[in-house]
>>> print(open('data-v1.cif').read())   # mmCIF, C-alpha atoms and all ligand atoms
data_final
#
loop_
_atom_site.group_PDB
_atom_site.id
_atom_site.type_symbol
_atom_site.label_atom_id
_atom_site.label_comp_id
_atom_site.auth_asym_id
_atom_site.auth_seq_id
_atom_site.Cartn_x
_atom_site.Cartn_y
_atom_site.Cartn_z
ATOM 1 C CA MET A 153 -8.521 -5.363 -11.266
ATOM 2 C CA GLU A 154 -8.779 -1.561 -11.217
ATOM 3 C CA GLN A 155 -5.319 0.045 -10.892
ATOM 4 C CA PRO A 156 -5.676 3.719 -9.904
ATOM 5 C CA VAL A 157 -1.961 3.951 -8.998
ATOM 6 C CA LYS A 158 -0.717 2.255 -12.180
ATOM 7 C CA GLY A 159 2.480 3.874 -13.437
ATOM 8 C CA GLN A 160 3.235 5.530 -10.104
ATOM 9 C CA VAL A 161 6.465 4.875 -8.200
ATOM 10 C CA ALA A 162 6.943 3.679 -4.622
ATOM 11 C CA ILE A 163 9.962 3.042 -2.442
ATOM 12 C CA VAL A 164 9.656 0.203 0.091
ATOM 13 C CA THR A 165 12.338 -0.182 2.776
ATOM 14 C CA GLY A 166 13.066 -3.581 4.310
ATOM 15 C CA ALA A 167 11.582 -5.179 1.182
ATOM 16 C CA GLY A 168 13.815 -8.275 1.257
ATOM 17 C CA GLN A 169 11.545 -10.468 3.382
ATOM 18 C CA GLY A 170 8.493 -10.605 5.618
ATOM 19 C CA ILE A 171 5.999 -7.762 5.566
ATOM 20 C CA GLY A 172 8.193 -5.606 3.287
ATOM 21 C CA ARG A 173 8.259 -8.314 0.625
ATOM 22 C CA ALA A 174 4.474 -8.681 0.855
ATOM 23 C CA ILE A 175 4.053 -4.907 0.488
ATOM 24 C CA ALA A 176 6.318 -4.891 -2.568
ATOM 25 C CA LEU A 177 4.381 -7.712 -4.245
ATOM 26 C CA ARG A 178 1.054 -6.033 -3.468
ATOM 27 C CA LEU A 179 2.051 -2.582 -4.748
ATOM 28 C CA SER A 180 3.401 -4.224 -7.888
ATOM 29 C CA LEU A 181 0.019 -5.936 -8.401
ATOM 30 C CA ASP A 182 -1.505 -2.460 -7.970
ATOM 31 C CA GLY A 183 0.593 -1.394 -10.988
ATOM 32 C CA MET A 184 3.317 0.593 -9.225
ATOM 33 C CA SER A 185 7.015 0.563 -10.164
ATOM 34 C CA LEU A 186 9.171 -0.077 -7.137
ATOM 35 C CA VAL A 187 12.492 0.709 -5.542
ATOM 36 C CA LEU A 188 13.162 -2.134 -3.093
ATOM 37 C CA ALA A 189 15.650 -1.154 -0.403
ATOM 38 C CA ASP A 190 17.155 -3.579 2.097
ATOM 39 C CA LEU A 191 20.309 -4.379 4.034
ATOM 40 C CA GLN A 192 20.203 -7.894 2.565
ATOM 41 C CA GLY A 193 21.207 -7.499 -1.090
ATOM 42 C CA ASP A 194 20.500 -11.129 -2.080
ATOM 43 C CA ALA A 195 17.054 -11.151 -0.516
ATOM 44 C CA VAL A 196 15.938 -7.929 -2.126
ATOM 45 C CA ALA A 197 17.288 -9.047 -5.514
ATOM 46 C CA ARG A 198 15.119 -12.183 -5.219
ATOM 47 C CA VAL A 199 12.022 -10.074 -4.531
ATOM 48 C CA ALA A 200 12.807 -7.852 -7.527
ATOM 49 C CA ALA A 201 13.194 -11.019 -9.663
ATOM 50 C CA GLU A 202 9.783 -12.263 -8.436
ATOM 51 C CA ILE A 203 8.241 -8.971 -9.501
ATOM 52 C CA HIS A 204 9.946 -9.057 -12.911
ATOM 53 C CA ALA A 205 8.695 -12.631 -13.402
ATOM 54 C CA GLY A 206 5.158 -11.364 -12.794
ATOM 55 C CA GLY A 207 5.593 -8.617 -15.397
ATOM 56 C CA GLY A 208 6.177 -5.788 -12.906
ATOM 57 C CA GLU A 209 8.934 -3.198 -12.601
ATOM 58 C CA ALA A 210 11.301 -3.121 -9.630
ATOM 59 C CA ILE A 211 14.869 -2.250 -8.854
ATOM 60 C CA ALA A 212 16.730 -3.857 -5.941
ATOM 61 C CA LEU A 213 18.801 -1.473 -3.876
ATOM 62 C CA PRO A 214 21.061 -2.910 -1.176
ATOM 63 C CA LEU A 215 21.557 -0.223 1.469
ATOM 64 C CA ASN A 216 21.541 0.598 5.137
ATOM 65 C CA ILE A 217 18.849 3.111 6.086
ATOM 66 C CA LEU A 218 20.980 4.121 9.070
ATOM 67 C CA HIS A 219 23.272 5.977 6.657
ATOM 68 C CA ALA A 220 22.173 9.422 5.440
ATOM 69 C CA GLU A 221 23.917 8.971 2.072
ATOM 70 C CA ASP A 222 22.078 5.676 1.523
ATOM 71 C CA ARG A 223 18.732 7.306 2.280
ATOM 72 C CA GLN A 224 19.529 10.038 -0.245
ATOM 73 C CA ARG A 225 20.571 7.412 -2.828
ATOM 74 C CA MET A 226 17.208 5.695 -2.364
ATOM 75 C CA ILE A 227 15.244 8.790 -3.398
ATOM 76 C CA GLU A 228 17.667 9.594 -6.222
ATOM 77 C CA THR A 229 17.352 6.032 -7.560
ATOM 78 C CA ALA A 230 13.575 6.348 -7.792
ATOM 79 C CA LEU A 231 13.887 9.619 -9.689
ATOM 80 C CA SER A 232 16.737 8.562 -11.983
ATOM 81 C CA THR A 233 15.267 5.108 -12.777
ATOM 82 C CA PHE A 234 11.545 5.838 -13.014
ATOM 83 C CA HIS A 235 11.530 9.660 -13.287
ATOM 84 C CA ARG A 236 8.920 10.081 -10.563
ATOM 85 C CA PHE A 237 8.369 9.322 -6.887
ATOM 86 C CA ASP A 238 4.866 9.077 -5.457
ATOM 87 C CA ALA A 239 4.953 6.975 -2.300
ATOM 88 C CA LEU A 240 7.330 5.880 0.449
ATOM 89 C CA VAL A 241 6.694 2.886 2.704
ATOM 90 C CA ASN A 242 8.978 2.931 5.754
ATOM 91 C CA ASN A 243 8.904 -0.742 6.671
ATOM 92 C CA ALA A 244 12.490 -1.655 7.653
ATOM 93 C CA GLY A 245 12.676 -2.405 11.352
ATOM 94 C CA VAL A 246 14.583 -4.360 13.955
ATOM 95 C CA GLN A 247 13.756 -6.042 17.199
ATOM 96 C CA ARG A 248 15.748 -6.932 20.340
ATOM 97 C CA ILE A 249 14.300 -9.101 23.096
ATOM 98 C CA ALA A 250 15.182 -8.313 26.712
ATOM 99 C CA LEU A 251 13.098 -7.663 29.831
ATOM 100 C CA PRO A 252 12.959 -4.047 31.062
ATOM 101 C CA LEU A 253 15.696 -4.485 33.675
ATOM 102 C CA ASP A 254 18.004 -6.320 31.239
ATOM 103 C CA VAL A 255 17.847 -3.867 28.346
ATOM 104 C CA ASN A 256 21.154 -2.153 27.607
ATOM 105 C CA GLU A 257 22.169 0.969 25.713
ATOM 106 C CA GLU A 258 23.206 -1.050 22.664
ATOM 107 C CA HIS A 259 19.593 -2.268 22.345
ATOM 108 C CA TRP A 260 18.321 1.284 22.727
ATOM 109 C CA ASP A 261 20.711 2.713 20.117
ATOM 110 C CA LEU A 262 20.087 0.076 17.448
ATOM 111 C CA VAL A 263 16.316 -0.197 17.812
ATOM 112 C CA MET A 264 15.706 3.532 18.176
ATOM 113 C CA ASN A 265 18.105 4.381 15.349
ATOM 114 C CA VAL A 266 16.597 1.983 12.797
ATOM 115 C CA ASN A 267 12.935 2.105 13.782
ATOM 116 C CA ALA A 268 12.532 5.708 14.914
ATOM 117 C CA LYS A 269 15.437 7.856 13.670
ATOM 118 C CA ALA A 270 15.885 6.388 10.176
ATOM 119 C CA THR A 271 12.110 6.376 9.645
ATOM 120 C CA TYR A 272 11.954 10.062 10.583
ATOM 121 C CA PHE A 273 14.778 11.060 8.253
ATOM 122 C CA CYS A 274 13.451 8.935 5.376
ATOM 123 C CA CYS A 275 10.156 10.816 5.838
ATOM 124 C CA GLN A 276 11.993 14.146 5.879
ATOM 125 C CA LEU A 277 13.795 13.441 2.589
ATOM 126 C CA ALA A 278 10.654 12.172 0.892
ATOM 127 C CA LEU A 279 8.632 15.153 2.120
ATOM 128 C CA LYS A 280 11.090 17.627 0.597
ATOM 129 C CA HIS A 281 10.330 16.119 -2.794
ATOM 130 C CA MET A 282 6.608 15.532 -2.239
ATOM 131 C CA ILE A 283 5.933 19.018 -0.881
ATOM 132 C CA GLU A 284 7.587 20.517 -3.936
ATOM 133 C CA GLN A 285 5.453 18.402 -6.291
ATOM 134 C CA ARG A 286 2.343 19.022 -4.093
ATOM 135 C CA SER A 287 1.479 15.314 -3.914
ATOM 136 C CA GLY A 288 2.646 12.103 -2.312
ATOM 137 C CA ARG A 289 1.856 9.503 0.304
ATOM 138 C CA ILE A 290 3.969 8.110 3.105
ATOM 139 C CA VAL A 291 3.031 4.970 5.028
ATOM 140 C CA ASN A 292 5.018 4.115 8.148
ATOM 141 C CA ILE A 293 4.929 0.566 9.451
ATOM 142 C CA ALA A 294 4.563 1.005 13.197
ATOM 143 C CA SER A 295 3.090 -1.739 15.405
ATOM 144 C CA ILE A 296 0.346 -2.288 17.940
ATOM 145 C CA ALA A 297 3.353 -2.245 20.305
ATOM 146 C CA GLY A 298 3.448 1.528 19.741
ATOM 147 C CA LYS A 299 -0.101 1.897 21.084
ATOM 148 C CA MET A 300 0.024 -0.591 23.962
ATOM 149 C CA ALA A 301 2.586 -2.543 26.004
ATOM 150 C CA SER A 302 1.871 -5.593 23.839
ATOM 151 C CA THR A 303 4.487 -7.501 25.848
ATOM 152 C CA THR A 304 7.207 -6.578 28.329
ATOM 153 C CA TYR A 305 9.820 -8.529 26.348
ATOM 154 C CA HIS A 306 10.759 -5.638 24.072
ATOM 155 C CA PRO A 307 10.454 -2.291 25.882
ATOM 156 C CA ILE A 308 12.710 -0.373 23.487
ATOM 157 C CA TYR A 309 10.844 -1.691 20.458
ATOM 158 C CA ASN A 310 7.598 -0.450 22.045
ATOM 159 C CA ALA A 311 9.157 2.997 22.587
ATOM 160 C CA SER A 312 10.483 3.085 19.018
ATOM 161 C CA LYS A 313 7.076 2.304 17.539
ATOM 162 C CA ALA A 314 5.395 4.954 19.717
ATOM 163 C CA ALA A 315 7.951 7.354 18.198
ATOM 164 C CA VAL A 316 6.921 6.231 14.698
ATOM 165 C CA LEU A 317 3.291 7.022 15.554
ATOM 166 C CA ALA A 318 4.202 10.464 16.924
ATOM 167 C CA THR A 319 6.269 11.110 13.793
ATOM 168 C CA THR A 320 3.347 10.060 11.588
ATOM 169 C CA LYS A 321 0.884 12.391 13.295
ATOM 170 C CA THR A 322 3.210 15.395 13.404
ATOM 171 C CA LEU A 323 4.376 15.099 9.798
ATOM 172 C CA ALA A 324 0.807 14.496 8.625
ATOM 173 C CA LEU A 325 -0.231 17.767 10.250
ATOM 174 C CA TYR A 326 2.697 19.562 8.598
ATOM 175 C CA ALA A 327 2.325 18.076 5.110
ATOM 176 C CA ALA A 328 -1.472 18.171 4.741
ATOM 177 C CA ARG A 329 -1.583 21.730 3.354
ATOM 178 C CA TYR A 330 0.701 20.588 0.517
ATOM 179 C CA GLY A 331 -1.529 17.691 -0.524
ATOM 180 C CA VAL A 332 0.781 15.090 0.994
ATOM 181 C CA ARG A 333 -0.644 12.384 3.264
ATOM 182 C CA VAL A 334 1.225 10.518 6.021
ATOM 183 C CA ASN A 335 -0.347 7.478 7.688
ATOM 184 C CA ALA A 336 0.738 4.398 9.621
ATOM 185 C CA VAL A 337 -0.122 0.716 9.759
ATOM 186 C CA CYS A 338 0.060 -1.118 13.080
ATOM 187 C CA PRO A 339 0.496 -4.833 12.455
ATOM 188 C CA GLY A 340 -0.208 -7.223 15.294
ATOM 189 C CA MET A 341 1.307 -10.697 15.141
ATOM 190 C CA ILE A 342 2.341 -11.435 11.568
ATOM 191 C CA GLU A 343 4.178 -14.581 10.369
ATOM 192 C CA THR A 344 7.652 -13.351 9.344
ATOM 193 C CA PRO A 345 11.320 -14.162 10.064
ATOM 194 C CA MET A 346 11.263 -11.383 12.704
ATOM 195 C CA GLN A 347 8.369 -13.034 14.521
ATOM 196 C CA ASP A 348 10.143 -16.424 14.430
ATOM 197 C CA ALA A 349 13.198 -14.804 16.028
ATOM 198 C CA VAL A 350 11.013 -13.176 18.700
ATOM 199 C CA ASP A 351 9.478 -16.554 19.587
ATOM 200 C CA ARG A 352 12.932 -18.169 19.873
ATOM 201 C CA GLU A 353 14.280 -15.334 22.039
ATOM 202 C CA VAL A 354 11.251 -15.193 24.359
ATOM 203 C CA ALA A 355 11.437 -18.997 24.679
ATOM 204 C CA ARG A 356 15.070 -18.689 25.741
ATOM 205 C CA ILE A 357 14.066 -16.306 28.554
ATOM 206 C CA THR A 358 10.999 -18.235 29.743
ATOM 207 C CA GLY A 359 12.423 -21.744 29.313
ATOM 208 C CA GLN A 360 9.469 -22.734 27.106
ATOM 209 C CA ALA A 361 9.535 -24.180 23.591
ATOM 210 C CA PRO A 362 9.047 -21.548 20.828
ATOM 211 C CA ALA A 363 5.843 -23.370 19.827
ATOM 212 C CA GLU A 364 4.449 -22.890 23.351
ATOM 213 C CA VAL A 365 5.262 -19.160 23.260
ATOM 214 C CA ARG A 366 3.465 -18.924 19.941
ATOM 215 C CA ALA A 367 0.425 -20.877 21.106
ATOM 216 C CA GLU A 368 0.032 -18.627 24.177
ATOM 217 C CA ARG A 369 0.293 -15.542 21.975
ATOM 218 C CA ASN A 370 -2.197 -16.843 19.424
ATOM 219 C CA ALA A 371 -4.677 -17.521 22.225
ATOM 220 C CA ARG A 372 -4.772 -13.758 22.861
ATOM 221 C CA ILE A 373 -5.727 -12.914 19.241
ATOM 222 C CA PRO A 374 -9.538 -12.580 18.959
ATOM 223 C CA LEU A 375 -9.583 -13.932 15.374
ATOM 224 C CA GLY A 376 -7.516 -16.859 16.676
ATOM 225 C CA TYR A 377 -4.575 -16.906 14.270
ATOM 226 C CA MET A 378 -1.511 -14.907 13.235
ATOM 227 C CA GLY A 379 -1.715 -12.650 10.218
ATOM 228 C CA ASP A 380 0.149 -12.930 6.955
ATOM 229 C CA GLY A 381 2.298 -10.193 5.394
ATOM 230 C CA ALA A 382 -0.442 -9.736 2.799
ATOM 231 C CA ASP A 383 -2.856 -8.677 5.565
ATOM 232 C CA ALA A 384 -0.646 -5.690 6.402
ATOM 233 C CA ALA A 385 0.145 -5.077 2.714
ATOM 234 C CA ALA A 386 -3.550 -4.710 1.865
ATOM 235 C CA ILE A 387 -3.841 -1.810 4.327
ATOM 236 C CA VAL A 388 -0.705 -0.204 2.864
ATOM 237 C CA SER A 389 -2.233 -0.524 -0.609
ATOM 238 C CA PHE A 390 -5.367 1.263 0.625
ATOM 239 C CA LEU A 391 -3.361 4.079 2.279
ATOM 240 C CA VAL A 392 -1.197 4.560 -0.827
ATOM 241 C CA GLY A 393 -4.228 4.544 -3.119
ATOM 242 C CA PRO A 394 -6.882 7.211 -3.774
ATOM 243 C CA ASP A 395 -9.660 5.545 -1.728
ATOM 244 C CA SER A 396 -7.958 6.894 1.421
ATOM 245 C CA ARG A 397 -7.696 10.432 0.006
ATOM 246 C CA TYR A 398 -9.461 11.988 3.025
ATOM 247 C CA MET A 399 -7.238 10.226 5.585
ATOM 248 C CA THR A 400 -3.993 11.512 7.029
ATOM 249 C CA GLY A 401 -2.306 11.127 10.421
ATOM 250 C CA GLN A 402 -4.084 7.790 10.961
ATOM 251 C CA ALA A 403 -2.730 4.527 12.370
ATOM 252 C CA LEU A 404 -4.720 1.506 11.188
ATOM 253 C CA ASN A 405 -4.374 -1.818 13.013
ATOM 254 C CA ALA A 406 -3.954 -5.127 11.153
ATOM 255 C CA ASP A 407 -3.999 -7.369 14.214
ATOM 256 C CA GLY A 408 -6.867 -9.855 14.229
ATOM 257 C CA GLY A 409 -8.806 -7.708 16.707
ATOM 258 C CA VAL A 410 -6.236 -7.396 19.513
ATOM 259 C CA LEU A 411 -6.662 -3.614 19.686
ATOM 260 C CA THR A 412 -9.912 -1.752 19.176
ATOM 261 C CA TYR A 413 -8.489 1.773 19.062
HETATM 262 N N1 LIG A 501 6.136 -9.434 12.171
HETATM 263 C C1 LIG A 501 5.336 -8.828 13.005
HETATM 264 O O1 LIG A 501 4.564 -9.484 13.721
HETATM 265 C C2 LIG A 501 5.326 -7.319 13.112
HETATM 266 C C3 LIG A 501 4.371 -6.761 13.968
HETATM 267 C C4 LIG A 501 4.317 -5.376 14.078
HETATM 268 C C5 LIG A 501 5.170 -4.581 13.350
HETATM 269 N N2 LIG A 501 6.099 -5.169 12.526
HETATM 270 C C6 LIG A 501 6.979 -4.260 11.792
HETATM 271 O O2 LIG A 501 6.889 -4.546 10.410
HETATM 272 C C7 LIG A 501 8.134 -4.257 9.778
HETATM 273 C C8 LIG A 501 8.631 -5.492 9.039
HETATM 274 O O3 LIG A 501 8.738 -6.535 9.983
HETATM 275 P P1 LIG A 501 9.040 -8.055 9.576
HETATM 276 O O4 LIG A 501 8.399 -8.877 10.617
HETATM 277 O O5 LIG A 501 8.746 -8.273 8.153
HETATM 278 O O6 LIG A 501 10.621 -8.063 9.861
HETATM 279 P P2 LIG A 501 11.817 -8.903 9.194
HETATM 280 O O7 LIG A 501 12.944 -8.861 10.173
HETATM 281 O O8 LIG A 501 11.320 -10.240 8.786
HETATM 282 O O9 LIG A 501 12.198 -8.015 7.925
HETATM 283 C C9 LIG A 501 12.740 -6.721 8.112
HETATM 284 C C10 LIG A 501 13.572 -6.343 6.902
HETATM 285 O O10 LIG A 501 14.162 -5.056 7.183
HETATM 286 C C11 LIG A 501 15.514 -5.079 6.770
HETATM 287 N N3 LIG A 501 16.319 -4.121 7.532
HETATM 288 C C12 LIG A 501 16.588 -4.141 8.858
HETATM 289 N N4 LIG A 501 17.419 -3.151 9.188
HETATM 290 C C13 LIG A 501 17.696 -2.468 8.041
HETATM 291 C C14 LIG A 501 18.514 -1.351 7.737
HETATM 292 N N5 LIG A 501 19.236 -0.740 8.679
HETATM 293 N N6 LIG A 501 18.564 -0.908 6.460
HETATM 294 C C15 LIG A 501 17.850 -1.541 5.496
HETATM 295 N N7 LIG A 501 17.072 -2.620 5.725
HETATM 296 C C16 LIG A 501 16.991 -3.078 6.985
HETATM 297 C C17 LIG A 501 15.963 -6.520 7.034
HETATM 298 O O11 LIG A 501 17.112 -6.850 6.287
HETATM 299 C C18 LIG A 501 14.725 -7.318 6.658
HETATM 300 O O12 LIG A 501 14.742 -7.713 5.304
HETATM 301 C C19 LIG A 501 9.085 -3.810 10.890
HETATM 302 O O13 LIG A 501 9.101 -2.396 10.979
HETATM 303 C C20 LIG A 501 8.439 -4.413 12.129
HETATM 304 O O14 LIG A 501 8.803 -3.712 13.294
HETATM 305 C C21 LIG A 501 6.195 -6.510 12.397
#
>>> encode(input="data-v1.cif", output="structure tokens")
Amino acid sequence: MEQPVKGQVAIVTGAGQGIGRAIALRLSLDGMSLVLADLQGDAVARVAAEIHAGGGEAIALPLNILHAEDRQRMIETALSTFHRFDALVNNAGVQRIALPLDVNEEHWDLVMNVNAKATYFCCQLALKHMIEQRSGRIVNIASIAGKMASTTYHPIYNASKAAVLATTKTLALYAARYGVRVNAVCPGMIETPMQDAVDREVARITGQAPAEVRAERNARIPLGYMGDGADAAAIVSFLVGPDSRYMTGQALNADGGVLTY
């Protein structure tokens, strides 16, 4: 396999499970050395061990991206451990299920702070370094929920992912003249622990079984099945790599055909 990014260094947030884990494994296969950041120290250590077992390089970094000093530590760890920093994947995210009239300010604060605010400030820190070195790529994991009201069960999540898309476009416009690219991936329905929790929570509200919620959702996916973390990770790999060199400010869907824009 050709490895145009071999020897380069990426940071992946939320790398302990789900899509973040899949991104970490994929970028390692691409030949990158990785800083794996996650709130769950045990989980992210297991992913780093998987990568080591496959002959790759990764360091597990337990942290909370809500904290400015943790975000700073993440960048410093990449530079002190691997002596370079080429790509940031902002994947960490949270979800809260509640209908529009039941949402409360606690939901708003948590979901907006993790998904929108922390993503913005991780981008800001990374850009300071990348602009100085006149190269770098950032990939933000948004969602099709940022482009459409994919469901009414998580209004704040939808707003937070629209903010990630606005952040992506604005920072792409700003960073382009310095040779730094900023793009987004919009996953649709991907099999992860987050998606399992969503099914359980929606089922609690509707009185259905989680399997029924899932079956109804899958029936709305043109390709007919949920995606795997690797499906989103493949798009991240493309956006981090040189084949996407003429793309910035884009938001690519990995959703089985749900959205066509
Ligand atoms: N699963 C889907 O169908 C789907 C669809 C669209 C978008 N997404 C997005 O993809 C990303 C990953 O989703 P997933 O389904 O793998 O979720 P997940 O809940 O399975 O994993 C998210 C990871 O982020 C970590 N995390 C959460 N808050 C953190 C914090 N404050 N600091 C550090 N780490 C933190 C968690 O510990 C967890 O390991 C999220 O941004 C999510 O919104 C997922």
>>> closest_residue(input="data-v1.cif", among="A:Leu188, A:Ile342, A:Val199, A:Val263", to="ligand LIG 501 (chain A)", atoms="all atoms listed in the file")
A:Ile342
>>> resolve_selection(input="data-v1.cif", expression="the PyMOL selection byres (((chain A and resi 288) around 12) and not hetatm)", output="number ranges by chain")
A: 157, 160-163, 236-241, 275, 278-287, 289-291, 324, 327-335, 391-394, 397, 400
>>> resolve_selection(input="data-v1.cif", expression="the PyMOL selection byres (((not hetatm)) within 6 of (chain A and resi 501))", output="PyMOL selection string")
chain A and resi 166-172+190-192+215-218+243-246+266+293-295+339-347
>>> resolve_selection(input="data-v1.cif", expression="the PyMOL selection byres (((chain A and resi 375) around 7) and not hetatm)", output="count of residues only")
6
>>> atom_distance(input="data-v1.cif", atom1="CA of Met264 in chain A", atom2="CA of Thr229 in chain A")
25.9 Å
>>> residues_around(input="data-v1.cif", residues="range 200-206 of chain A", least_positions_apart="5", cutoff="8 Å", atoms="only C-alpha atoms", output="PyMOL selection string")
chain A and resi 177+180+188+211-212
>>> atom_distance(input="data-v1.cif", atom1="CA of Phe390 in chain A", atom2="CA of Arg173 in chain A")
16.7 Å
>>> closest_residue(input="data-v1.cif", among="A:Gln402, A:Ser232, A:Thr412, A:Gln155", to="Leu325 in chain A", atoms="only C-alpha atoms")
A:Gln402
>>> residues_around(input="data-v1.cif", residues="Leu181 in chain A", least_positions_apart="2", cutoff="12 Å", atoms="only C-alpha atoms", output="list in words")
Met153, Glu154, Gln155, Pro156, Val157, Lys158, Gly159, Ala174, Ile175, Ala176, Leu177, Arg178, Leu179, Gly183, Met184, Ser185, Leu186, Glu202, Ile203, His204, Gly206, Gly207, Gly208, Glu209, Ala210, Ala382, Ala385, Ala386 and Ser389 of chain A
>>> atom_distance(input="data-v1.cif", atom1="CA of Gln247 in chain A", atom2="CA of Arg369 in chain A")
17.2 Å
>>> residues_around(input="data-v1.cif", residues="Ala403 in chain A", least_positions_apart="4", cutoff="9 Å", atoms="all atoms listed in the file", output="PyMOL selection string")
chain A and resi 292+294+317+320-321+335-338
>>> residues_near_point(input="data-v1.cif", point="(15.3, -15.1, 28.6)", cutoff="9 Å", atoms="all atoms listed in the file", output="mmCIF file with C-alpha atoms, keeping the file's coordinate frame")
data_model
loop_
_atom_site.group_PDB
_atom_site.id
_atom_site.type_symbol
_atom_site.label_atom_id
_atom_site.label_comp_id
_atom_site.auth_asym_id
_atom_site.auth_seq_id
_atom_site.Cartn_x
_atom_site.Cartn_y
_atom_site.Cartn_z
ATOM 1 C CA ILE A 249 14.300 -9.101 23.096
ATOM 2 C CA ALA A 250 15.182 -8.313 26.712
ATOM 3 C CA LEU A 251 13.098 -7.663 29.831
ATOM 4 C CA TYR A 305 9.820 -8.529 26.348
ATOM 5 C CA GLU A 353 14.280 -15.334 22.039
ATOM 6 C CA VAL A 354 11.251 -15.193 24.359
ATOM 7 C CA ALA A 355 11.437 -18.997 24.679
ATOM 8 C CA ARG A 356 15.070 -18.689 25.741
ATOM 9 C CA ILE A 357 14.066 -16.306 28.554
ATOM 10 C CA THR A 358 10.999 -18.235 29.743
ATOM 11 C CA GLY A 359 12.423 -21.744 29.313
#
>>> closest_residue(input="data-v1.cif", among="A:Leu404, A:Asn310, A:Val388, A:Leu262", to="Val164 in chain A", atoms="only C-alpha atoms")
A:Val388
>>> closest_residue(input="data-v1.cif", among="A:Leu411, A:Thr271, A:Ala361, A:Arg198", to="Ala301 in chain A", atoms="all atoms listed in the file")
A:Leu411
